[in-house]
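*Asks:* Input file: query17.txt. Contents: compact mmCIF, C-alpha atoms and all ligand atoms.
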# COMPACT_ATOMS: atom_id res chain seq x y z
CA MET A 1324 0.00 0.00 0.00
CA ASN A 1325 2.74 2.42 1.03
CA GLN A 1326 4.76 1.55 -2.05
CA VAL A 1327 1.79 2.15 -4.38
CA PHE A 1328 1.28 5.58 -2.83
CA THR A 1329 5.01 6.36 -2.93
CA ASP A 1330 5.19 5.40 -6.62
CA LYS A 1331 2.27 7.71 -7.39
CA ALA A 1332 3.86 10.60 -5.45
CA LYS A 1333 7.19 10.11 -7.21
CA LYS A 1334 5.46 10.21 -10.59
CA LEU A 1335 4.20 13.66 -9.56
CA GLY A 1336 7.74 14.82 -8.82
CA PHE A 1337 8.07 14.22 -5.07
CA ILE A 1338 11.42 12.85 -4.01
CA ALA A 1339 10.71 11.29 -0.62
CA VAL A 1340 7.60 9.90 1.05
CA GLY A 1341 7.17 8.70 4.64
CA PHE A 1342 4.38 7.66 6.99
CA SER A 1343 4.01 8.42 10.69
CA LYS A 1344 1.48 8.17 13.51
CA PRO A 1345 -0.46 11.30 14.50
CA THR A 1346 1.00 11.38 18.02
CA THR A 1347 2.55 14.28 19.91
CA PRO A 1348 5.46 15.14 17.63
CA LEU A 1349 9.08 14.68 18.35
CA HIS A 1350 10.64 18.01 19.48
CA PHE A 1351 7.31 19.30 20.85
CA ASP A 1352 8.77 20.14 24.27
CA PHE A 1353 11.82 21.72 22.63
CA PHE A 1354 9.51 23.81 20.42
CA CYS A 1355 7.56 25.07 23.47
CA ARG A 1356 10.78 26.01 25.27
CA TRP A 1357 12.08 27.78 22.14
CA LEU A 1358 8.85 29.77 21.85
CA LYS A 1359 9.30 31.03 25.41
CA GLU A 1360 12.95 31.93 25.02
CA ILE A 1361 13.14 33.50 21.58
CA GLU A 1362 11.96 36.83 20.26
CA ILE A 1363 9.74 35.83 17.32
CA GLY A 1364 8.74 39.23 16.00
CA ASN A 1365 5.76 39.14 13.65
CA ILE A 1366 5.42 35.39 13.68
CA ASN A 1367 3.49 35.32 16.91
CA TYR A 1368 1.02 33.03 15.18
CA LEU A 1369 3.42 30.24 16.16
CA LYS A 1370 2.25 30.72 19.72
CA ARG A 1371 -1.35 30.07 18.78
CA ASN A 1372 -2.81 26.58 18.45
CA ILE A 1373 -0.24 24.91 20.67
CA ASP A 1374 -2.87 22.32 21.62
CA ILE A 1375 -3.33 21.44 17.97
CA ARG A 1376 0.42 21.15 17.45
CA ARG A 1377 0.56 18.74 20.38
CA ASP A 1378 -2.45 16.75 19.20
CA PRO A 1379 -2.69 16.58 15.35
CA PRO A 1380 -6.00 14.62 15.31
CA ARG A 1381 -7.55 17.99 16.12
CA LEU A 1382 -6.81 18.91 12.50
CA LEU A 1383 -8.85 16.05 11.07
CA GLU A 1384 -11.33 13.89 12.93
CA GLY A 1385 -10.36 10.23 12.77
CA LEU A 1386 -6.80 11.04 11.65
CA LYS A 1387 -4.79 7.79 11.40
CA THR A 1388 -1.76 8.59 9.25
CA ILE A 1389 0.40 11.61 8.56
CA ILE A 1390 2.20 11.32 5.23
CA SER A 1391 5.24 13.58 4.83
CA ILE A 1392 6.35 14.23 1.28
CA ALA A 1393 9.26 16.31 0.03
CA TYR A 1394 9.29 18.16 -3.27
CA PRO A 1395 12.54 19.57 -4.67
CA TYR A 1396 12.92 23.23 -5.43
CA PRO A 1397 15.16 24.37 -8.25
CA LEU A 1398 18.82 24.14 -7.39
CA SER A 1399 19.49 27.17 -9.57
CA LYS A 1400 19.83 30.50 -7.81
CA PRO A 1401 17.71 33.37 -9.15
CA SER A 1402 19.99 36.25 -10.05
CA THR A 1403 19.57 39.68 -11.62
CA PRO A 1404 21.88 40.53 -14.54
CA ASP A 1405 23.51 43.08 -12.20
CA GLY A 1406 24.47 40.32 -9.76
CA TYR A 1407 21.85 40.44 -7.00
CA THR A 1408 20.18 37.27 -5.88
CA THR A 1409 17.19 35.78 -4.13
CA SER A 1410 16.74 32.60 -2.18
CA ARG A 1411 16.32 29.50 -4.34
CA TYR A 1412 12.94 28.70 -2.91
CA SER A 1413 11.53 32.03 -4.13
CA THR A 1414 11.24 30.36 -7.59
CA PRO A 1415 10.17 33.62 -9.29
CA GLN A 1416 10.08 31.79 -12.62
CA GLU A 1417 7.32 29.51 -11.35
CA GLN A 1418 3.97 29.75 -9.67
CA ASP A 1419 4.12 30.11 -5.87
CA TYR A 1420 4.91 26.67 -4.48
CA HIS A 1421 1.95 26.79 -2.10
CA LEU A 1422 -0.38 26.74 -5.10
CA ARG A 1423 1.55 24.14 -7.10
CA LEU A 1424 2.05 21.76 -4.21
CA ARG A 1425 -1.50 22.06 -2.95
CA ARG A 1426 -2.67 20.99 -6.42
CA LEU A 1427 -0.33 17.99 -6.42
CA GLY A 1428 -1.27 17.15 -2.83
CA LYS A 1429 -4.96 17.16 -3.76
CA GLN A 1430 -4.23 14.69 -6.55
CA LEU A 1431 -2.67 12.43 -3.93
CA CYS A 1432 -5.72 12.86 -1.66
CA THR A 1433 -7.92 11.74 -4.57
CA PHE A 1434 -5.63 8.77 -5.08
CA ILE A 1435 -6.03 7.80 -1.41
CA THR A 1436 -9.81 7.91 -1.81
CA GLU A 1437 -9.52 5.48 -4.72
CA ILE A 1438 -7.69 3.02 -2.47
CA PHE A 1439 -9.68 3.75 0.71
CA PRO A 1440 -13.12 4.93 -0.51
CA GLU A 1441 -14.38 5.76 3.00
CA SER A 1442 -11.37 7.85 3.93
CA LYS A 1443 -11.03 11.59 4.32
CA SER A 1444 -7.76 13.39 3.62
CA ARG A 1445 -6.41 16.90 3.93
CA VAL A 1446 -3.32 18.45 2.39
CA CYS A 1447 -1.18 20.98 4.29
CA VAL A 1448 1.38 23.26 2.64
CA ASP A 1449 2.43 25.63 5.43
CA SER A 1450 -1.30 25.92 6.06
CA ALA A 1451 -1.86 24.14 9.37
CA PRO A 1452 -0.30 24.31 12.84
CA ILE A 1453 1.76 21.16 12.63
CA LEU A 1454 5.43 20.50 13.42
CA GLU A 1455 6.10 19.40 9.88
CA ARG A 1456 9.82 18.69 10.15
CA SER A 1457 9.27 16.58 13.26
CA PHE A 1458 6.76 14.40 11.44
CA ALA A 1459 9.08 14.21 8.45
CA VAL A 1460 11.80 12.86 10.76
CA MET A 1461 9.36 10.44 12.42
CA SER A 1462 8.33 9.24 8.96
CA GLY A 1463 11.96 8.43 8.15
CA ILE A 1464 12.45 10.72 5.13
CA GLY A 1465 15.28 12.73 6.63
CA PHE A 1466 16.95 14.28 9.65
CA ILE A 1467 17.12 17.82 10.99
CA GLY A 1468 20.49 19.45 10.52
CA LYS A 1469 22.10 21.92 12.91
CA ASN A 1470 20.77 24.62 10.54
CA ASN A 1471 17.23 23.54 11.50
CA MET A 1472 16.45 22.35 7.99
CA LEU A 1473 15.15 18.92 7.07
CA ILE A 1474 17.90 17.13 5.17
CA VAL A 1475 16.83 14.35 2.85
CA PRO A 1476 19.79 11.97 2.48
CA GLY A 1477 21.00 11.81 -1.10
CA TYR A 1478 19.23 15.04 -1.93
CA GLY A 1479 19.91 17.68 0.73
CA SER A 1480 17.71 20.42 2.13
CA TYR A 1481 16.54 22.24 -1.00
CA CYS A 1482 13.02 20.89 -0.76
CA PHE A 1483 9.52 21.89 0.26
CA LEU A 1484 7.54 19.80 2.69
CA VAL A 1485 3.91 18.80 2.27
CA GLU A 1486 1.83 16.78 4.70
CA ILE A 1487 -1.19 14.73 3.87
CA LEU A 1488 -3.38 13.99 6.87
CA THR A 1489 -5.66 11.06 6.27
CA THR A 1490 -8.14 8.85 8.09
CA ALA A 1491 -6.82 5.95 5.97
CA GLN A 1492 -4.72 3.57 8.01
CA PHE A 1493 -1.44 3.08 6.16
CA PRO A 1494 1.12 0.70 7.68
CA ILE A 1495 3.47 2.83 9.80
CA PRO A 1496 7.10 1.70 9.93
CA SER A 1497 8.60 1.74 13.41
CA PHE A 1498 10.55 4.84 14.31
CA GLU A 1499 13.89 4.17 15.94
CA GLY A 1500 14.50 7.73 17.15
CA PRO A 1501 16.07 10.76 15.51
CA GLU A 1502 19.52 10.49 14.03
CA ASN A 1503 21.94 13.27 13.39
CA ARG A 1504 24.33 12.99 10.53
CA CYS A 1505 25.98 16.40 10.96
CA GLY A 1506 28.71 14.90 13.09
CA SER A 1507 31.24 17.51 14.16
CA CYS A 1508 30.40 19.89 11.28
CA THR A 1509 29.36 23.41 12.33
CA LYS A 1510 29.64 25.19 8.96
CA CYS A 1511 26.09 26.54 8.98
CA ILE A 1512 26.51 28.01 12.48
CA ASP A 1513 29.94 29.46 11.69
CA ARG A 1514 28.83 31.05 8.40
CA CYS A 1515 25.38 32.44 9.34
CA PRO A 1516 25.83 36.15 8.56
CA THR A 1517 23.86 37.45 11.54
CA GLY A 1518 24.60 34.79 14.17
CA ALA A 1519 20.93 33.75 14.10
CA LEU A 1520 21.98 30.13 14.52
CA LYS A 1521 22.89 30.58 18.15
CA ALA A 1522 23.57 26.90 18.76
CA PRO A 1523 22.94 23.63 16.94
CA PHE A 1524 19.22 23.37 16.07
CA TYR A 1525 18.54 26.71 17.77
CA ILE A 1526 17.61 29.71 15.66
CA ASP A 1527 16.83 33.26 16.75
CA VAL A 1528 14.36 34.11 14.00
CA SER A 1529 14.29 37.78 14.96
CA ILE A 1530 17.74 38.23 13.41
CA CYS A 1531 17.48 35.64 10.63
CA LEU A 1532 17.70 37.33 7.21
CA SER A 1533 15.15 34.97 5.78
CA TYR A 1534 12.61 36.16 8.35
CA LEU A 1535 13.66 39.81 8.15
CA THR A 1536 13.44 40.08 4.35
CA ILE A 1537 10.25 38.06 3.89
CA GLU A 1538 8.08 37.91 7.01
CA SER A 1539 8.98 40.96 9.05
CA LYS A 1540 6.75 44.00 8.81
CA ASP A 1541 9.30 46.15 10.64
CA ASN A 1542 12.22 48.00 9.13
CA ILE A 1543 15.46 46.07 8.93
CA ASP A 1544 18.05 47.76 11.15
CA LYS A 1545 21.39 48.94 9.80
CA GLU A 1546 23.38 46.16 11.37
CA ALA A 1547 21.28 43.37 9.83
CA ALA A 1548 21.02 45.22 6.50
CA GLY A 1549 24.82 45.31 6.34
CA LYS A 1550 24.83 41.51 6.45
CA MET A 1551 22.48 40.90 3.55
CA GLY A 1552 25.32 40.79 1.02
CA ASN A 1553 23.75 40.84 -2.43
CA THR A 1554 20.62 38.86 -1.55
CA PHE A 1555 17.38 40.82 -1.35
CA PHE A 1556 14.86 38.02 -0.75
CA GLY A 1557 15.56 35.34 1.83
CA CYS A 1558 18.93 33.84 2.64
CA ASP A 1559 20.41 30.49 1.63
CA VAL A 1560 23.78 30.72 3.38
CA CYS A 1561 23.18 28.01 5.99
CA GLN A 1562 22.12 25.67 3.19
CA GLU A 1563 24.75 26.66 0.64
CA VAL A 1564 27.58 25.78 3.02
CA CYS A 1565 26.05 22.44 3.97
CA PRO A 1566 27.96 19.48 2.55
CA PHE A 1567 24.66 17.62 2.04
CA ASN A 1568 23.69 20.12 -0.67
CA LYS A 1569 25.10 20.29 -4.16
CA SER A 1570 27.18 23.31 -5.08
CA ASP A 1571 28.14 25.04 -8.36
CA LEU A 1572 24.60 25.21 -9.55
CA PRO A 1573 23.30 27.17 -12.52
CA ILE A 1574 21.61 30.55 -12.29
CA VAL A 1575 18.15 31.64 -13.45
CA SER A 1576 17.68 35.20 -14.56
CA ILE A 1577 15.29 37.72 -13.02
CA PRO A 1578 14.86 41.45 -13.88
CA THR A 1579 17.60 43.88 -12.84
CA THR A 1580 17.37 45.65 -9.50
CA ASP A 1581 16.79 48.93 -11.39
CA ALA A 1582 13.92 47.35 -13.30
CA ILE A 1583 12.32 46.08 -10.08
CA LEU A 1584 12.81 49.46 -8.37
CA SER A 1585 11.03 51.26 -11.19
CA MET A 1586 8.14 48.78 -11.41
CA THR A 1587 4.60 49.90 -10.73
CA GLU A 1588 2.23 47.55 -8.95
CA ILE A 1589 0.72 46.75 -12.35
CA ASP A 1590 4.12 45.82 -13.87
CA PHE A 1591 4.91 43.77 -10.81
CA ILE A 1592 1.69 41.78 -10.95
CA GLU A 1593 2.13 41.22 -14.68
CA ILE A 1594 5.58 39.70 -14.17
CA PHE A 1595 5.31 38.02 -10.79
CA ARG A 1596 1.62 37.17 -10.49
CA LYS A 1597 1.05 34.06 -8.38
CA THR A 1598 4.77 33.67 -7.64
CA ALA A 1599 6.32 33.77 -4.18
CA PHE A 1600 7.45 37.33 -5.05
CA GLU A 1601 3.80 38.38 -5.13
CA ARG A 1602 3.38 36.95 -1.62
CA VAL A 1603 6.16 39.23 -0.35
CA GLY A 1604 4.94 42.24 -2.31
CA LEU A 1605 6.61 44.95 -4.35
CA GLU A 1606 6.99 47.38 -1.48
CA LYS A 1607 9.02 44.95 0.63
CA LEU A 1608 11.13 43.86 -2.34
CA LYS A 1609 11.98 47.48 -3.11
CA ARG A 1610 12.85 48.08 0.54
CA ASN A 1611 15.18 45.06 0.53
CA ILE A 1612 16.82 46.05 -2.75
CA LYS A 1613 17.48 49.58 -1.48
CA LEU A 1614 19.14 48.06 1.57
CA VAL A 1615 21.50 45.79 -0.40
CA LEU A 1616 22.35 48.63 -2.78
CA SER A 1617 23.09 51.14 0.00
S1 LIG A 1701 18.77 31.80 6.65
FE1 LIG A 1701 20.67 33.05 6.71
S2 LIG A 1701 20.41 34.40 8.49
FE2 LIG A 1701 18.89 32.75 8.69
S3 LIG A 1701 19.88 31.20 9.92
FE3 LIG A 1701 20.32 30.64 7.80
S4 LIG A 1701 22.26 31.65 7.34
FE4 LIG A 1701 21.48 32.58 9.20
S1 LIG A 1702 26.34 22.64 7.47
FE1 LIG A 1702 27.13 20.93 8.68
S2 LIG A 1702 26.24 21.22 10.72
FE2 LIG A 1702 25.07 22.48 9.32
S3 LIG A 1702 23.34 21.22 8.72
FE3 LIG A 1702 24.93 20.91 7.16
S4 LIG A 1702 26.09 19.12 7.91
FE4 LIG A 1702 24.86 19.85 9.61
Show me this structure written as structure tokens.
*Replies:*
Amino acid sequence: MNQVFTDKAKKLGFIAVGFSKPTTPLHFDFFCRWLKEIEIGNINYLKRNIDIRRDPPRLLEGLKTIISIAYPYPLSKPSTPDGYTTSRYSTPQEQDYHLRLRRLGKQLCTFITEIFPESKSRVCVDSAPILERSFAVMSGIGFIGKNNMLIVPGYGSYCFLVEILTTAQFPIPSFEGPENRCGSCTKCIDRCPTGALKAPFYIDVSICLSYLTIESKDNIDKEAAGKMGNTFFGCDVCQEVCPFNKSDLPIVSIPTTDAILSMTEIDFIEIFRKTAFERVGLEKLKRNIKLVLS
């Protein structure tokens, strides 16, 4: 059963599929401690729905299986002709991954209904309070690196995570406990431009460039702005230095910084409609570009 589902998911482009029980997730206590200790700026929503995070069946009545699936994002780095870059996962040449992956996830939900006609399923793409990386680890598709990313062995961390919650009872392989394959490596911690990785597996999001350039509604202070280098959307440093990821990857082209700065909202929507850039918005992109240019 699991293999049939995995084959179907792989045909749709997913690279790893795993099954876990909807129990209190691994790392739940760590997550609660982290929430108390860390300044989390505008992402206070993480503090809501703690009960649901502890007890995933609250997301779907009769939940029996959580299926974690990983989908690769392009390894190429978006770059302007004048040499400024954005995080790989911004995929400005493609539709926003939330939309694409939800569509693929729904196809998988339909497939589950064909196998288990009485079942109900729900797809989550950053859309539900669930500790997604913990369930991915429990499902056996990867491990969490010291950079806090899920690392899929043989592939690395350049992937999106999708969960399918289903009332269908898939066989659940036993979980032997988390493993860590980082060994003595500390490259991600050593190279984080702002020191946001304060310790292995411990991130201070309030100074993480990925948070500051995408999520934060506040101005970016001078000190953090000075650490953005030439990247004006997100930050890939703690993944680029990771030996589990491939290096020397090609580049995809996006408009010049000048072109983006002179865009009207209409131009912007025409070019970046339904991409992750639209999610961030023109105003924030312009703010970020002005900071890296200054
Ligand atoms: S995304 Fe950048 S700023 Fe954030 S933890 Fe990784 S290296 Fe540090
Ligand atoms: S850079 Fe090193 S320590 Fe960091 S996640 Fe990769 S292997 Fe682990």
*Asks:* Kindly work out which residues sit at most 9 Å from ligand LIG 1701 (chain A), using all atoms listed in the file, and give the list as a ChimeraX atom specification.
*Replies:* /A:1470-1471,1511-1512,1514-1521,1526-1528,1530-1535,1550-1551,1557-1563
*Asks:* Show me which residues sit within 9 Å of ligand LIG 1702 (chain A) when counting only C-alpha atoms and all ligand atoms, and put them as a PDB file with C-alpha atoms, keeping the file's coordinate frame.
*Replies:*
ATOM      1  CA  ILE A1467      17.120  17.820  10.990  1.00  0.00           C
ATOM      2  CA  GLY A1468      20.490  19.450  10.520  1.00  0.00           C
ATOM      3  CA  LYS A1469      22.100  21.920  12.910  1.00  0.00           C
ATOM      4  CA  ASN A1470      20.770  24.620  10.540  1.00  0.00           C
ATOM      5  CA  ASN A1471      17.230  23.540  11.500  1.00  0.00           C
ATOM      6  CA  MET A1472      16.450  22.350   7.990  1.00  0.00           C
ATOM      7  CA  LEU A1473      15.150  18.920   7.070  1.00  0.00           C
ATOM      8  CA  ILE A1474      17.900  17.130   5.170  1.00  0.00           C
ATOM      9  CA  GLY A1479      19.910  17.680   0.730  1.00  0.00           C
ATOM     10  CA  SER A1480      17.710  20.420   2.130  1.00  0.00           C
ATOM     11  CA  ASN A1503      21.940  13.270  13.390  1.00  0.00           C
ATOM     12  CA  ARG A1504      24.330  12.990  10.530  1.00  0.00           C
ATOM     13  CA  CYS A1505      25.980  16.400  10.960  1.00  0.00           C
ATOM     14  CA  GLY A1506      28.710  14.900  13.090  1.00  0.00           C
ATOM     15  CA  SER A1507      31.240  17.510  14.160  1.00  0.00           C
ATOM     16  CA  CYS A1508      30.400  19.890  11.280  1.00  0.00           C
ATOM     17  CA  THR A1509      29.360  23.410  12.330  1.00  0.00           C
ATOM     18  CA  LYS A1510      29.640  25.190   8.960  1.00  0.00           C
ATOM     19  CA  CYS A1511      26.090  26.540   8.980  1.00  0.00           C
ATOM     20  CA  ILE A1512      26.510  28.010  12.480  1.00  0.00           C
ATOM     21  CA  ASP A1513      29.940  29.460  11.690  1.00  0.00           C
ATOM     22  CA  ARG A1514      28.830  31.050   8.400  1.00  0.00           C
ATOM     23  CA  PRO A1523      22.940  23.630  16.940  1.00  0.00           C
ATOM     24  CA  PHE A1524      19.220  23.370  16.070  1.00  0.00           C
ATOM     25  CA  CYS A1561      23.180  28.010   5.990  1.00  0.00           C
ATOM     26  CA  GLN A1562      22.120  25.670   3.190  1.00  0.00           C
ATOM     27  CA  GLU A1563      24.750  26.660   0.640  1.00  0.00           C
ATOM     28  CA  VAL A1564      27.580  25.780   3.020  1.00  0.00           C
ATOM     29  CA  CYS A1565      26.050  22.440   3.970  1.00  0.00           C
ATOM     30  CA  PRO A1566      27.960  19.480   2.550  1.00  0.00           C
ATOM     31  CA  PHE A1567      24.660  17.620   2.040  1.00  0.00           C
ATOM     32  CA  ASN A1568      23.690  20.120  -0.670  1.00  0.00           C
TER      33      ASN A1568
END
*Asks:* Can you list, as an NGL selection string, every protein, DNA or RNA residue that comes within 10 Å of His1421 (chain A) when you count all atoms listed in the file, leaving out same-chain residues fewer than 5 positions away?
*Replies:* :A and (1426 or 1447-1450 or 1483 or 1485 or 1597-1599)
*Asks:* Just write the chosen residues, C-alpha atoms, as an mmCIF file, in the frame of the given file.
*Replies:*
data_model
loop_
_atom_site.group_PDB
_atom_site.id
_atom_site.type_symbol
_atom_site.label_atom_id
_atom_site.label_comp_id
_atom_site.auth_asym_id
_atom_site.auth_seq_id
_atom_site.Cartn_x
_atom_site.Cartn_y
_atom_site.Cartn_z
ATOM 1 C CA ARG A 1426 -2.670 20.990 -6.420
ATOM 2 C CA CYS A 1447 -1.180 20.980 4.290
ATOM 3 C CA VAL A 1448 1.380 23.260 2.640
ATOM 4 C CA ASP A 1449 2.430 25.630 5.430
ATOM 5 C CA SER A 1450 -1.300 25.920 6.060
ATOM 6 C CA PHE A 1483 9.520 21.890 0.260
ATOM 7 C CA VAL A 1485 3.910 18.800 2.270
ATOM 8 C CA LYS A 1597 1.050 34.060 -8.380
ATOM 9 C CA THR A 1598 4.770 33.670 -7.640
ATOM 10 C CA ALA A 1599 6.320 33.770 -4.180
#
*Asks:* Provide the CA of Pro1452 (chain A) to CA of Arg1371 (chain A) distance in Å, to one decimal place.
*Replies:* 8.3 Å
*Asks:* Point out the residue among A:Phe1458, A:Phe1354, A:Phe1591, A:Tyr1407 with the least atom-to-atom distance to Ala1393 (chain A), counting all atoms listed in the file.
*Replies:*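 Checking each candidate against Ala1393 (chain A), we get A:Phe1458 as the closest.
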*Asks:* So, counting all atoms listed in the file, which residue among A:Ala1582, A:Leu1424, A:Leu1488, A:Leu1608 is closest to Ser1539 (chain A)?
*Replies:*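 Looking at the shortest contact to Ser1539 (chain A), the residue is A:Leu1608.
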*Asks:* Can you measure CA of Val1475 (chain A) to CA of Leu1382 (chain A) for me? One decimal in Å is fine.
*Replies:*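 According to the coordinates, CA of Val1475 (chain A) and CA of Leu1382 (chain A) are separated by 25.9 Å.
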*Asks:* Enter the distance from CA of Phe1439 (chain A) to CA of Thr1490 (chain A), in Å, rounded to one decimal.
*Replies:* 9.1 Å
*Asks:* Could you name the residues that touch Lys1387 (chain A) at 7 Å or less, counting all atoms listed in the file, but leaving out those on the same chain fewer than 5 positions away, as an MDAnalysis selection string?
*Replies:* chainID A and resid 1344:1345 1489:1492
*Asks:* Using all atoms listed in the file, find the one residue out of A:Leu1422, A:Gly1385, A:Phe1434, A:Thr1554 that sits nearest to Asp1330 (chain A).
*Replies:*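 The shortest atom-to-atom distance to Asp1330 (chain A) comes from A:Phe1434.
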*Asks:* Go through A:Thr1347, A:Thr1433, A:Ser1462, A:Ser1529 one by one, measure the shortest atom-to-atom distance of each to Pro1496 (chain A) using all atoms listed in the file, and give the residue with the smallest value.
*Replies:* A:Ser1462
*Asks:* Please fill the gaps in region 1513-1528 of chain A so it has N, CA and C atoms, and write that as a compact mmCIF listing (two decimals), keeping the file's coordinate frame.
*Replies:*
# COMPACT_ATOMS: atom_id res chain seq x y z
N ASP A 1513 28.78 28.57 11.84
CA ASP A 1513 29.94 29.46 11.69
C ASP A 1513 29.69 30.52 10.60
N ARG A 1514 28.95 30.15 9.55
CA ARG A 1514 28.83 31.05 8.40
C ARG A 1514 27.55 31.89 8.41
N CYS A 1515 26.62 31.64 9.31
CA CYS A 1515 25.38 32.44 9.34
C CYS A 1515 25.76 33.91 9.49
N PRO A 1516 25.35 34.77 8.55
CA PRO A 1516 25.83 36.15 8.56
C PRO A 1516 25.45 36.95 9.80
N THR A 1517 24.32 36.62 10.42
CA THR A 1517 23.86 37.45 11.54
C THR A 1517 24.03 36.77 12.90
N GLY A 1518 24.50 35.52 12.90
CA GLY A 1518 24.60 34.79 14.17
C GLY A 1518 23.23 34.29 14.64
N ALA A 1519 22.28 34.21 13.71
CA ALA A 1519 20.93 33.75 14.10
C ALA A 1519 20.93 32.30 14.57
N LEU A 1520 21.86 31.51 14.02
CA LEU A 1520 21.98 30.13 14.52
C LEU A 1520 22.84 30.19 15.78
N LYS A 1521 22.18 30.32 16.89
CA LYS A 1521 22.89 30.58 18.15
C LYS A 1521 23.56 29.32 18.68
N ALA A 1522 23.03 28.20 18.32
CA ALA A 1522 23.57 26.90 18.76
C ALA A 1522 23.00 25.86 17.80
N PRO A 1523 23.53 24.65 17.81
CA PRO A 1523 22.94 23.63 16.94
C PRO A 1523 21.43 23.52 17.15
N PHE A 1524 20.69 23.54 16.08
CA PHE A 1524 19.22 23.37 16.07
C PHE A 1524 18.49 24.54 16.74
N TYR A 1525 19.16 25.64 16.99
CA TYR A 1525 18.54 26.71 17.77
C TYR A 1525 18.68 28.04 17.03
N ILE A 1526 17.56 28.50 16.49
CA ILE A 1526 17.61 29.71 15.66
C ILE A 1526 16.88 30.87 16.33
N ASP A 1527 17.50 32.04 16.29
CA ASP A 1527 16.83 33.26 16.75
C ASP A 1527 16.25 33.90 15.50
N VAL A 1528 14.96 33.63 15.25
CA VAL A 1528 14.36 34.11 14.00
C VAL A 1528 14.38 35.63 13.89
